[in-house]
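Here's the structure, in structure tokens; my notes come after.
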Amino acid sequence: MQSASTKTGWRDRIRSRLDAVDAYFLSNEVRRRTANEIAYARVGLVGCFGLGAALCVLTAMLCFRTPWPIVSGIASAGAASLTLPFVLRRSDSIRSLGHVVCGQLLLLASVVFLASGGRGGGILPVIPIVPMVALLSLGGRAVFGWGLASVGVLGLGYGLAAGDATPVVAGFEGVPAIQR
């Protein structure tokens, strides 16, 4: 069993590391804001790094079985997501990273729908995540706008699939209906 001083020691070390991350990425102005705004900025940072890492993993998973334009787009989006917090470091713009994460997710879904002619249904689980990310990283007001944008992207995918559009990128037809 751990003693109380050991638990406190871990908490202090974690707290000091989190404070160091805050001091590195967030300006003094941002750190003086309300607790909600600081939390939104932190969640935006975590979302940007998480999305960048996920896109890098996705690139590695898809690199040999997906057409190169799709793979290069995913790799570029991952690299942009990983570098953007460093570019915006200690500026007031870092509070908008949640918009970047939501926009990248919907852009990725739109590109998949366009490239596959509406047949890339594997991206569908990502779309409902966008309003949730908006809530966590931007607050309640952003949920409405990003929710409408998500519905628009779903409409794009449905319209392409219902209209039997041909895939823009050869070899990216998605999963046939019999396999789904």
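Ordering of the structure tokens sets the chain letters (A, B, ...), residue numbers begin anew at 1 in every chain, and ligands are numbered from 1 in the order given.
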Original post:
Just asking: which residues within chain A are helix (DSSP H, G or I) according to DSSP, as a ChimeraX atom specification?
Top reply: /A:4-25,28-31,35-62,68-87,92-116,121-126,129-138,140-162
**OP:** Quick one: everything within 10 Å of A:Gly118, counting only C-alpha atoms, minus sequence neighbours fewer than 5 positions away in the same chain. Send it as a list in words.
**Re:** Ser110, Val111, Val112, Phe113, Leu154, Gly155, Leu156, Gly157, Tyr158, Gly159, Leu160, Ala161, Ala162, Gly163, Asp164, Ala165, Thr166, Pro167, Glu173 and Gly174 of chain A
Go ahead and dump the residues you just picked, C-alpha atoms, as a compact mmCIF listing (two decimals), in the first residue's frame.
```
# COMPACT_ATOMS: atom_id res chain seq x y z
CA SER A 110 -15.50 15.06 -47.21
CA VAL A 111 -12.39 13.99 -49.11
CA VAL A 112 -13.13 10.32 -48.44
CA PHE A 113 -16.71 10.75 -49.69
CA LEU A 154 -23.30 13.42 -44.22
CA GLY A 155 -25.62 14.92 -46.86
CA LEU A 156 -22.70 15.13 -49.28
CA GLY A 157 -21.88 11.46 -48.73
CA TYR A 158 -25.50 10.42 -49.05
CA GLY A 159 -25.99 12.49 -52.19
CA LEU A 160 -22.93 10.98 -53.83
CA ALA A 161 -23.90 7.43 -52.87
CA ALA A 162 -27.55 7.86 -53.88
CA GLY A 163 -26.55 9.46 -57.17
CA ASP A 164 -24.24 6.51 -57.90
CA ALA A 165 -21.28 8.85 -58.43
CA THR A 166 -18.13 7.35 -59.81
CA PRO A 167 -15.07 7.43 -57.55
CA GLU A 173 -14.30 2.49 -54.22
CA GLY A 174 -14.77 1.62 -50.58
```
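Atom CA of A:Gly147 is positioned 20.8 Å from atom CA of A:Gly50.
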Original post:
Out of A:Ala77, A:Leu138, A:Cys63, A:Ala23, which residue has the shortest atom-to-atom distance to A:His99 when counting only C-alpha atoms?
Top reply: A:Leu138
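The space between atom CA of A:Leu45 and atom CA of A:Gly98 spans 7.9 Å.
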Original post:
So, counting only C-alpha atoms, which residue among A:Ile74, A:Val168, A:Leu84, A:Ala20 is closest to A:Gly44?
Top reply: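 Selected residue with least distance to A:Gly44: A:Leu84.
Distances from A:Val43, A:Leu114, A:Leu108, A:Ala142 to A:Ile127 were compared using only C-alpha atoms, and the smallest one belongs to A:Leu108.
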Subject >> Spatial neighbours of A:Leu26, 9 Å, only C-alpha atoms, chain gap at least 3 places, as a VMD selection string >> reply: chain A and resid 21 to 23 29 to 31 38 41 to 42 89 to 92 94 to 95
So that I have them on file, write out the residues from the current selection with C-alpha atoms, as a PDB file, in the first residue's frame.
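File written: selection-v9.pdb
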```pdb
ATOM      1  CA  VAL A  21       3.309  22.402 -20.594  1.00  0.00           C
ATOM      2  CA  ASP A  22       0.892  25.257 -19.913  1.00  0.00           C
ATOM      3  CA  ALA A  23       3.771  27.713 -19.606  1.00  0.00           C
ATOM      4  CA  GLU A  29      -2.947  36.207 -21.125  1.00  0.00           C
ATOM      5  CA  VAL A  30      -4.531  32.854 -21.915  1.00  0.00           C
ATOM      6  CA  ARG A  31      -3.539  31.430 -18.529  1.00  0.00           C
ATOM      7  CA  ILE A  38      -8.045  27.407 -20.119  1.00  0.00           C
ATOM      8  CA  ALA A  41      -7.298  25.576 -24.860  1.00  0.00           C
ATOM      9  CA  ARG A  42      -5.850  22.468 -23.195  1.00  0.00           C
ATOM     10  CA  ARG A  89       2.658  28.628 -29.278  1.00  0.00           C
ATOM     11  CA  ARG A  90       2.049  31.438 -26.768  1.00  0.00           C
ATOM     12  CA  SER A  91      -0.372  33.271 -29.060  1.00  0.00           C
ATOM     13  CA  ASP A  92      -4.041  33.942 -28.471  1.00  0.00           C
ATOM     14  CA  ILE A  94      -4.019  28.673 -29.695  1.00  0.00           C
ATOM     15  CA  ARG A  95      -7.497  28.879 -28.180  1.00  0.00           C
TER      16      ARG A  95
END
```
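Shortest separation to A:Thr59 among A:Ser150, A:Ser116, A:Asn36, A:Ser72 occurs at residue A:Ser72, atoms counted being only C-alpha atoms.
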Can you tell me, as an mmCIF file with C-alpha atoms, in the first residue's frame, what residues are no more than 12 Å from A:Val71 when counting only C-alpha atoms, ignoring any on the same chain fewer than 4 positions away?
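Result written to part17.cif:
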```
data_model
loop_
_atom_site.group_PDB
_atom_site.id
_atom_site.type_symbol
_atom_site.label_atom_id
_atom_site.label_comp_id
_atom_site.auth_asym_id
_atom_site.auth_seq_id
_atom_site.Cartn_x
_atom_site.Cartn_y
_atom_site.Cartn_z
ATOM 1 C CA LEU A 55 -3.515 10.326 -38.739
ATOM 2 C CA CYS A 56 0.118 9.186 -38.703
ATOM 3 C CA VAL A 57 -0.979 5.729 -37.542
ATOM 4 C CA LEU A 58 -3.731 5.709 -40.179
ATOM 5 C CA THR A 59 -1.152 6.611 -42.827
ATOM 6 C CA ALA A 60 0.962 3.645 -41.809
ATOM 7 C CA MET A 61 -2.058 1.335 -41.897
ATOM 8 C CA LEU A 62 -3.267 2.480 -45.309
ATOM 9 C CA CYS A 63 0.011 3.132 -47.141
ATOM 10 C CA PHE A 64 0.091 -0.131 -49.134
ATOM 11 C CA ARG A 65 -3.586 -0.606 -49.907
ATOM 12 C CA THR A 66 -4.903 2.909 -50.536
ATOM 13 C CA PRO A 67 -4.161 5.160 -53.522
ATOM 14 C CA ALA A 75 -0.004 12.242 -43.909
ATOM 15 C CA SER A 76 -0.041 15.991 -44.646
ATOM 16 C CA ALA A 77 -3.029 16.557 -42.375
ATOM 17 C CA GLY A 78 -1.304 14.589 -39.601
ATOM 18 C CA LEU A 108 -11.089 14.209 -44.087
ATOM 19 C CA VAL A 111 -12.390 13.990 -49.114
ATOM 20 C CA VAL A 112 -13.132 10.317 -48.442
ATOM 21 C CA ALA A 115 -12.752 10.293 -53.601
ATOM 22 C CA VAL A 169 -9.638 8.386 -57.243
ATOM 23 C CA PHE A 172 -10.821 3.873 -53.893
#
```
Subject >> Between atom CA of A:Phe49 and atom CA of A:Trp146, distance in Å (one decimal) >> reply: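 A separation of 20.0 Å between them.
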Original post:
Near A:Cys48, counting only C-alpha atoms, which residues have an atom at most 7 Å away, once you skip same-chain residues fewer than 4 positions from it, shown as a count of residues only?
Top reply: 6
**OP:** Point out the residue among A:Leu136, A:Leu106, A:Asp19, A:Ala54 with the least atom-to-atom distance to A:Glu37, counting only C-alpha atoms.
**Re:**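 Going through A:Leu136, A:Leu106, A:Asp19, A:Ala54 one by one, the smallest distance to A:Glu37 is for A:Leu136.
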